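Peer 1: Provided below: query-v3.pdb, containing PDB, N, CA and C atoms.
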ATOM      1  N   ILE A   1       0.869  -1.170   0.000
ATOM      2  CA  ILE A   1       0.000   0.000   0.000
ATOM      3  C   ILE A   1       0.912   1.228   0.000
ATOM      4  N   SER A   2       0.745   2.076  -0.962
ATOM      5  CA  SER A   2       1.559   3.285  -1.059
ATOM      6  C   SER A   2       1.193   4.268   0.043
ATOM      7  N   ASP A   3       2.138   5.135   0.391
ATOM      8  CA  ASP A   3       1.870   6.150   1.408
ATOM      9  C   ASP A   3       0.693   7.014   0.979
ATOM     10  N   GLY A   4      -0.231   7.253   1.889
ATOM     11  CA  GLY A   4      -1.404   8.063   1.611
ATOM     12  C   GLY A   4      -2.556   7.298   0.978
ATOM     13  N   ASP A   5      -2.334   6.031   0.651
ATOM     14  CA  ASP A   5      -3.386   5.208   0.047
ATOM     15  C   ASP A   5      -4.048   4.325   1.096
ATOM     16  N   GLU A   6      -5.126   3.713   0.694
ATOM     17  CA  GLU A   6      -5.823   2.762   1.566
ATOM     18  C   GLU A   6      -6.370   1.624   0.724
ATOM     19  N   GLU A   7      -6.607   0.519   1.391
ATOM     20  CA  GLU A   7      -7.210  -0.642   0.728
ATOM     21  C   GLU A   7      -8.453  -1.027   1.520
ATOM     22  N   ALA A   8      -9.555  -1.241   0.809
ATOM     23  CA  ALA A   8     -10.822  -1.583   1.452
ATOM     24  C   ALA A   8     -11.261  -2.976   1.031
ATOM     25  N   LYS A   9     -11.828  -3.724   1.977
ATOM     26  CA  LYS A   9     -12.390  -5.046   1.715
ATOM     27  C   LYS A   9     -13.779  -5.107   2.317
ATOM     28  N   GLU A  10     -14.727  -5.661   1.562
ATOM     29  CA  GLU A  10     -16.088  -5.859   2.067
ATOM     30  C   GLU A  10     -16.271  -7.310   2.474
ATOM     31  N   LEU A  11     -16.946  -7.505   3.604
ATOM     32  CA  LEU A  11     -17.246  -8.842   4.099
ATOM     33  C   LEU A  11     -18.742  -8.939   4.338
ATOM     34  N   THR A  12     -19.311 -10.087   4.064
ATOM     35  CA  THR A  12     -20.709 -10.330   4.388
ATOM     36  C   THR A  12     -20.779 -10.860   5.813
ATOM     37  N   VAL A  13     -21.512 -10.146   6.655
ATOM     38  CA  VAL A  13     -21.724 -10.559   8.048
ATOM     39  C   VAL A  13     -23.234 -10.546   8.272
ATOM     40  N   ASN A  14     -23.841 -11.713   8.236
ATOM     41  CA  ASN A  14     -25.290 -11.803   8.374
ATOM     42  C   ASN A  14     -25.753 -11.191   9.689
ATOM     43  N   GLY A  15     -26.755 -10.343   9.616
ATOM     44  CA  GLY A  15     -27.322  -9.705  10.803
ATOM     45  C   GLY A  15     -26.705  -8.368  11.145
ATOM     46  N   ALA A  16     -25.604  -7.996  10.504
ATOM     47  CA  ALA A  16     -24.995  -6.692  10.776
ATOM     48  C   ALA A  16     -25.925  -5.586  10.280
ATOM     49  N   GLU A  17     -26.066  -4.551  11.110
ATOM     50  CA  GLU A  17     -26.943  -3.436  10.770
ATOM     51  C   GLU A  17     -26.196  -2.128  10.972
ATOM     52  N   LEU A  18     -26.595  -1.108  10.203
ATOM     53  CA  LEU A  18     -26.013   0.210  10.388
ATOM     54  C   LEU A  18     -26.136   0.621  11.851
ATOM     55  N   GLY A  19     -25.063   1.162  12.412
ATOM     56  CA  GLY A  19     -25.060   1.564  13.815
ATOM     57  C   GLY A  19     -24.431   0.545  14.734
ATOM     58  N   ASP A  20     -24.288  -0.713  14.289
ATOM     59  CA  ASP A  20     -23.603  -1.722  15.096
ATOM     60  C   ASP A  20     -22.121  -1.383  15.189
ATOM     61  N   PHE A  21     -21.468  -1.886  16.216
ATOM     62  CA  PHE A  21     -20.040  -1.677  16.419
ATOM     63  C   PHE A  21     -19.273  -2.812  15.758
ATOM     64  N   VAL A  22     -18.076  -2.500  15.260
ATOM     65  CA  VAL A  22     -17.250  -3.523  14.623
ATOM     66  C   VAL A  22     -15.839  -3.463  15.200
ATOM     67  N   LEU A  23     -15.343  -4.610  15.653
ATOM     68  CA  LEU A  23     -13.947  -4.768  16.049
ATOM     69  C   LEU A  23     -13.271  -5.543  14.928
ATOM     70  N   SER A  24     -12.041  -5.171  14.594
ATOM     71  CA  SER A  24     -11.359  -5.836  13.485
ATOM     72  C   SER A  24      -9.901  -6.094  13.833
ATOM     73  N   SER A  25      -9.350  -7.137  13.208
ATOM     74  CA  SER A  25      -7.933  -7.447  13.389
ATOM     75  C   SER A  25      -7.408  -8.204  12.177
ATOM     76  N   LEU A  26      -6.099  -8.132  11.987
ATOM     77  CA  LEU A  26      -5.423  -8.900  10.949
ATOM     78  C   LEU A  26      -4.506  -9.904  11.610
ATOM     79  N   SER A  27      -4.223 -10.977  10.897
ATOM     80  CA  SER A  27      -3.400 -12.058  11.454
ATOM     81  C   SER A  27      -1.902 -11.792  11.333
ATOM     82  N   VAL A  28      -1.518 -10.569  10.927
ATOM     83  CA  VAL A  28      -0.112 -10.182  10.844
ATOM     84  C   VAL A  28       0.060  -8.808  11.487
ATOM     85  N   ASP A  29       1.310  -8.445  11.777
ATOM     86  CA  ASP A  29       1.632  -7.104  12.268
ATOM     87  C   ASP A  29       1.274  -6.102  11.177
ATOM     88  N   ILE A  30       0.482  -5.082  11.516
ATOM     89  CA  ILE A  30       0.052  -4.140  10.481
ATOM     90  C   ILE A  30       1.053  -3.000  10.259
ATOM     91  N   ALA A  31       2.217  -3.081  10.872
ATOM     92  CA  ALA A  31       3.347  -2.198  10.557
ATOM     93  C   ALA A  31       2.979  -0.710  10.552
ATOM     94  N   ASP A  32       2.326  -0.239  11.610
ATOM     95  CA  ASP A  32       1.931   1.167  11.771
ATOM     96  C   ASP A  32       0.837   1.633  10.817
ATOM     97  N   LEU A  33       0.196   0.714  10.105
ATOM     98  CA  LEU A  33      -0.967   1.081   9.299
ATOM     99  C   LEU A  33      -2.155   1.236  10.243
ATOM    100  N   VAL A  34      -3.229   1.823   9.759
ATOM    101  CA  VAL A  34      -4.434   2.019  10.567
ATOM    102  C   VAL A  34      -5.538   1.137   9.993
ATOM    103  N   LEU A  35      -6.063   0.241  10.825
ATOM    104  CA  LEU A  35      -7.152  -0.649  10.420
ATOM    105  C   LEU A  35      -8.441  -0.165  11.066
ATOM    106  N   SER A  36      -9.465   0.031  10.261
ATOM    107  CA  SER A  36     -10.786   0.398  10.787
ATOM    108  C   SER A  36     -11.833  -0.416  10.053
ATOM    109  N   ALA A  37     -12.989  -0.563  10.676
ATOM    110  CA  ALA A  37     -14.078  -1.314  10.054
ATOM    111  C   ALA A  37     -15.397  -0.766  10.552
ATOM    112  N   GLU A  38     -16.405  -0.832   9.694
ATOM    113  CA  GLU A  38     -17.741  -0.388  10.069
ATOM    114  C   GLU A  38     -18.779  -1.099   9.212
ATOM    115  N   VAL A  39     -19.998  -1.123   9.733
ATOM    116  CA  VAL A  39     -21.114  -1.651   8.951
ATOM    117  C   VAL A  39     -21.494  -0.564   7.958
ATOM    118  N   THR A  40     -21.449  -0.892   6.668
ATOM    119  CA  THR A  40     -21.738   0.101   5.630
ATOM    120  C   THR A  40     -23.083  -0.133   4.941
ATOM    121  N   ALA A  41     -23.684  -1.292   5.177
ATOM    122  CA  ALA A  41     -25.009  -1.629   4.659
ATOM    123  C   ALA A  41     -25.472  -2.863   5.422
ATOM    124  N   ALA A  42     -26.742  -3.193   5.323
ATOM    125  CA  ALA A  42     -27.245  -4.396   5.985
ATOM    126  C   ALA A  42     -26.411  -5.600   5.551
ATOM    127  N   ASP A  43     -25.933  -6.365   6.524
ATOM    128  CA  ASP A  43     -25.149  -7.584   6.298
ATOM    129  C   ASP A  43     -23.783  -7.334   5.659
ATOM    130  N   THR A  44     -23.300  -6.096   5.655
ATOM    131  CA  THR A  44     -22.019  -5.782   5.013
ATOM    132  C   THR A  44     -21.117  -4.977   5.938
ATOM    133  N   VAL A  45     -19.899  -5.488   6.147
ATOM    134  CA  VAL A  45     -18.868  -4.778   6.901
ATOM    135  C   VAL A  45     -17.759  -4.406   5.922
ATOM    136  N   THR A  46     -17.319  -3.158   5.976
ATOM    137  CA  THR A  46     -16.194  -2.715   5.160
ATOM    138  C   THR A  46     -15.020  -2.418   6.082
ATOM    139  N   ALA A  47     -13.887  -3.073   5.815
ATOM    140  CA  ALA A  47     -12.661  -2.841   6.568
ATOM    141  C   ALA A  47     -11.714  -2.041   5.682
ATOM    142  N   ILE A  48     -11.061  -1.044   6.274
ATOM    143  CA  ILE A  48     -10.139  -0.186   5.533
ATOM    144  C   ILE A  48      -8.785  -0.203   6.226
ATOM    145  N   LEU A  49      -7.749  -0.443   5.446
ATOM    146  CA  LEU A  49      -6.373  -0.407   5.919
ATOM    147  C   LEU A  49      -5.720   0.814   5.281
ATOM    148  N   ALA A  50      -5.363   1.801   6.097
ATOM    149  CA  ALA A  50      -4.828   3.064   5.595
ATOM    150  C   ALA A  50      -3.338   3.173   5.916
ATOM    151  N   ASN A  51      -2.586   3.721   4.974
ATOM    152  CA  ASN A  51      -1.148   3.890   5.141
ATOM    153  C   ASN A  51      -0.810   5.372   5.184
ATOM    154  N   ASN A  52      -0.403   5.833   6.354
ATOM    155  CA  ASN A  52       0.062   7.209   6.528
ATOM    156  C   ASN A  52       1.455   7.194   7.129
ATOM    157  N   THR A  53       2.253   6.194   6.772
ATOM    158  CA  THR A  53       3.569   5.992   7.395
ATOM    159  C   THR A  53       4.685   6.810   6.756
ATOM    160  N   GLY A  54       4.459   7.353   5.573
ATOM    161  CA  GLY A  54       5.517   8.068   4.879
ATOM    162  C   GLY A  54       6.223   7.228   3.832
ATOM    163  N   GLY A  55       5.886   5.948   3.734
ATOM    164  CA  GLY A  55       6.485   5.065   2.742
ATOM    165  C   GLY A  55       5.532   3.936   2.400
ATOM    166  N   SER A  56       5.895   3.170   1.392
ATOM    167  CA  SER A  56       5.063   2.026   0.998
ATOM    168  C   SER A  56       5.211   0.884   1.994
ATOM    169  N   VAL A  57       4.126   0.138   2.215
ATOM    170  CA  VAL A  57       4.138  -1.021   3.105
ATOM    171  C   VAL A  57       3.533  -2.191   2.349
ATOM    172  N   ASN A  58       4.220  -3.320   2.384
ATOM    173  CA  ASN A  58       3.735  -4.533   1.728
ATOM    174  C   ASN A  58       3.545  -5.600   2.795
ATOM    175  N   LEU A  59       2.295  -5.860   3.144
ATOM    176  CA  LEU A  59       2.005  -6.871   4.154
ATOM    177  C   LEU A  59       2.001  -8.258   3.541
ATOM    178  N   ALA A  60       2.336  -9.229   4.352
ATOM    179  CA  ALA A  60       2.240 -10.626   3.923
ATOM    180  C   ALA A  60       0.768 -11.001   3.783
ATOM    181  N   SER A  61       0.511 -12.098   3.108
ATOM    182  CA  SER A  61      -0.849 -12.622   3.020
ATOM    183  C   SER A  61      -1.371 -12.839   4.436
ATOM    184  N   CYS A  62      -2.622 -12.467   4.673
ATOM    185  CA  CYS A  62      -3.144 -12.545   6.036
ATOM    186  C   CYS A  62      -4.648 -12.740   6.024
ATOM    187  N   THR A  63      -5.193 -12.943   7.213
ATOM    188  CA  THR A  63      -6.625 -13.129   7.399
ATOM    189  C   THR A  63      -7.198 -11.941   8.156
ATOM    190  N   LEU A  64      -8.303 -11.404   7.655
ATOM    191  CA  LEU A  64      -9.037 -10.335   8.323
ATOM    192  C   LEU A  64     -10.136 -10.964   9.153
ATOM    193  N   SER A  65     -10.214 -10.579  10.420
ATOM    194  CA  SER A  65     -11.286 -11.048  11.303
ATOM    195  C   SER A  65     -12.075  -9.843  11.792
ATOM    196  N   VAL A  66     -13.399 -10.000  11.878
ATOM    197  CA  VAL A  66     -14.239  -8.934  12.416
ATOM    198  C   VAL A  66     -15.229  -9.518  13.420
ATOM    199  N   LEU A  67     -15.604  -8.700  14.378
ATOM    200  CA  LEU A  67     -16.631  -9.041  15.353
ATOM    201  C   LEU A  67     -17.628  -7.899  15.362
ATOM    202  N   VAL A  68     -18.878  -8.194  15.075
ATOM    203  CA  VAL A  68     -19.925  -7.179  15.084
ATOM    204  C   VAL A  68     -20.660  -7.265  16.418
ATOM    205  N   VAL A  69     -20.750  -6.126  17.090
ATOM    206  CA  VAL A  69     -21.445  -6.024  18.372
ATOM    207  C   VAL A  69     -22.685  -5.182  18.141
ATOM    208  N   LYS A  70     -23.838  -5.749  18.448
ATOM    209  CA  LYS A  70     -25.089  -5.037  18.227
ATOM    210  C   LYS A  70     -25.134  -3.769  19.063
ATOM    211  N   ALA A  71     -25.593  -2.697  18.462
ATOM    212  CA  ALA A  71     -25.735  -1.428  19.165
ATOM    213  C   ALA A  71     -26.850  -1.536  20.199
ATOM    214  N   VAL A  72     -26.709  -0.818  21.286
ATOM    215  CA  VAL A  72     -27.712  -0.823  22.349
ATOM    216  C   VAL A  72     -28.657   0.346  22.115
ATOM    217  N   TRP A  73     -29.895   0.026  21.812
ATOM    218  CA  TRP A  73     -30.877   1.068  21.582
ATOM    219  C   TRP A  73     -31.897   1.133  22.700
ATOM    220  N   SER A  74     -31.810   0.218  23.634
ATOM    221  CA  SER A  74     -32.744   0.182  24.751
ATOM    222  C   SER A  74     -31.952   0.007  26.030
ATOM    223  N   LEU A  75     -32.351   0.676  27.083
ATOM    224  CA  LEU A  75     -31.669   0.516  28.364
ATOM    225  C   LEU A  75     -32.041  -0.791  29.037
ATOM    226  N   ASN A  76     -32.994  -1.534  28.474
ATOM    227  CA  ASN A  76     -33.448  -2.774  29.085
ATOM    228  C   ASN A  76     -32.673  -3.994  28.627
ATOM    229  N   LYS A  77     -31.877  -3.862  27.585
ATOM    230  CA  LYS A  77     -31.147  -5.037  27.119
ATOM    231  C   LYS A  77     -29.891  -4.637  26.359
ATOM    232  N   THR A  78     -28.936  -5.534  26.340
ATOM    233  CA  THR A  78     -27.717  -5.383  25.567
ATOM    234  C   THR A  78     -27.530  -6.670  24.788
ATOM    235  N   ILE A  79     -27.155  -6.563  23.545
ATOM    236  CA  ILE A  79     -26.850  -7.755  22.762
ATOM    237  C   ILE A  79     -25.377  -7.689  22.409
ATOM    238  N   TYR A  80     -24.624  -8.704  22.790
ATOM    239  CA  TYR A  80     -23.185  -8.726  22.536
ATOM    240  C   TYR A  80     -22.804 -10.067  21.944
ATOM    241  N   GLY A  81     -22.265 -10.042  20.745
ATOM    242  CA  GLY A  81     -21.810 -11.275  20.117
ATOM    243  C   GLY A  81     -22.892 -12.323  19.978
ATOM    244  N   GLY A  82     -24.142 -11.910  19.854
ATOM    245  CA  GLY A  82     -25.224 -12.854  19.692
ATOM    246  C   GLY A  82     -25.844 -13.329  20.984
ATOM    247  N   PHE A  83     -25.296 -12.909  22.118
ATOM    248  CA  PHE A  83     -25.839 -13.307  23.417
ATOM    249  C   PHE A  83     -26.437 -12.082  24.093
ATOM    250  N   ARG A  84     -27.562 -12.262  24.775
ATOM    251  CA  ARG A  84     -28.174 -11.170  25.514
ATOM    252  C   ARG A  84     -27.601 -11.137  26.921
ATOM    253  N   LEU A  85     -27.121  -9.956  27.298
ATOM    254  CA  LEU A  85     -26.597  -9.765  28.638
ATOM    255  C   LEU A  85     -27.491  -8.746  29.340
ATOM    256  N   PRO A  86     -28.104  -9.109  30.467
ATOM    257  CA  PRO A  86     -28.994  -8.160  31.125
ATOM    258  C   PRO A  86     -28.217  -6.995  31.743
ATOM    259  N   ILE A  87     -28.847  -5.832  31.770
ATOM    260  CA  ILE A  87     -28.276  -4.665  32.442
ATOM    261  C   ILE A  87     -28.987  -4.530  33.777
ATOM    262  N   TYR A  88     -28.218  -4.505  34.848
ATOM    263  CA  TYR A  88     -28.788  -4.380  36.172
ATOM    264  C   TYR A  88     -28.709  -2.934  36.618
ATOM    265  N   ASN A  89     -29.813  -2.394  37.127
ATOM    266  CA  ASN A  89     -29.837  -1.010  37.606
ATOM    267  C   ASN A  89     -29.530  -0.949  39.074
TER     268      ASN A  89
END
Just give me the structure as structure tokens.

Peer 2:
Amino acid sequence: ISDGDEEAKELTVNGAELGDFVLSSLSVDIADLVLSAEVTAADTVTAILANNTGGSVNLASCTLSVLVVKAVWSLNKTIYGGFRLPIYN
């Protein structure tokens, strides 16, 4: 990835909705690159790897992993990783 450029990958994640939280990781050292991910459409997560290091970076072949955490829209329940966790007042 050249300096100032970014690479984006789309993943299908069934049940992902706009507003949900996304955690992402790569299976290699990202060498000072910035990895971000977000739900960009129903069932779609887009991960972006940005290079602002001042030089080109060539990563080895790797695996992208994402975890979608459902957004909390009600104070009565939280959904995390597909499991409901009660909120105690």

Peer 1: Leaving out A:Thr53 and any residue of its chain fewer than 6 positions from it, which residues lie within 9 Å of it when counting only C-alpha atoms, given as a PyMOL selection string?

Peer 2: chain A and resi 3-4+31-33

Peer 1: How would you write, as a PyMOL selection string, the residues chosen by the PyMOL selection byres ((chain A and resi 44) around 6) on this structure?

Peer 2: chain A and resi 11-13+16+38-43+45-46

Peer 1: Mind listing the strand (DSSP E) residues of chain A, per DSSP on the backbone, as a count of residues only?

Peer 2: 40

Peer 1: I'd like the interatomic distance between atom CA of A:Val66 and atom CA of A:Ala50, to a tenth of an Å.

Peer 2: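 Separation between atom CA of A:Val66 and atom CA of A:Ala50: 16.7 Å.
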
Peer 1: Kindly give the distance, in Å, that separates atom C of A:Ala8 and atom C of A:Ala47, rounded to a single decimal.

Peer 2: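 According to the coordinates, atom C of A:Ala8 and atom C of A:Ala47 are separated by 4.8 Å.
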
Peer 1: Could you please determine the separation between atom N of A:Leu49 and atom C of A:Val28 in Å, to one decimal place?

Peer 2: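 Those two atoms sit 12.9 Å apart.
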
Peer 1: Name the residues that the PyMOL selection byres ((chain A and resi 55) around 8) picks from the file above, as a list in words, using the file's chain letters and numbers.

Peer 2: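 Written out, the selection comes to Ile1, Ser2, Asp3, Gly4, Asn51, Asn52, Thr53, Gly54, Ser56, Val57 and Asn58 of chain A.
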
Peer 1: With the file shown as input, list the residues that the PyMOL selection byres (((chain A and resi 26 and name CA) around 12) and name CA) selects, as an MDAnalysis selection string.

Peer 2: chainID A and resid 23:25 27:31 33:37 47:49 59:66
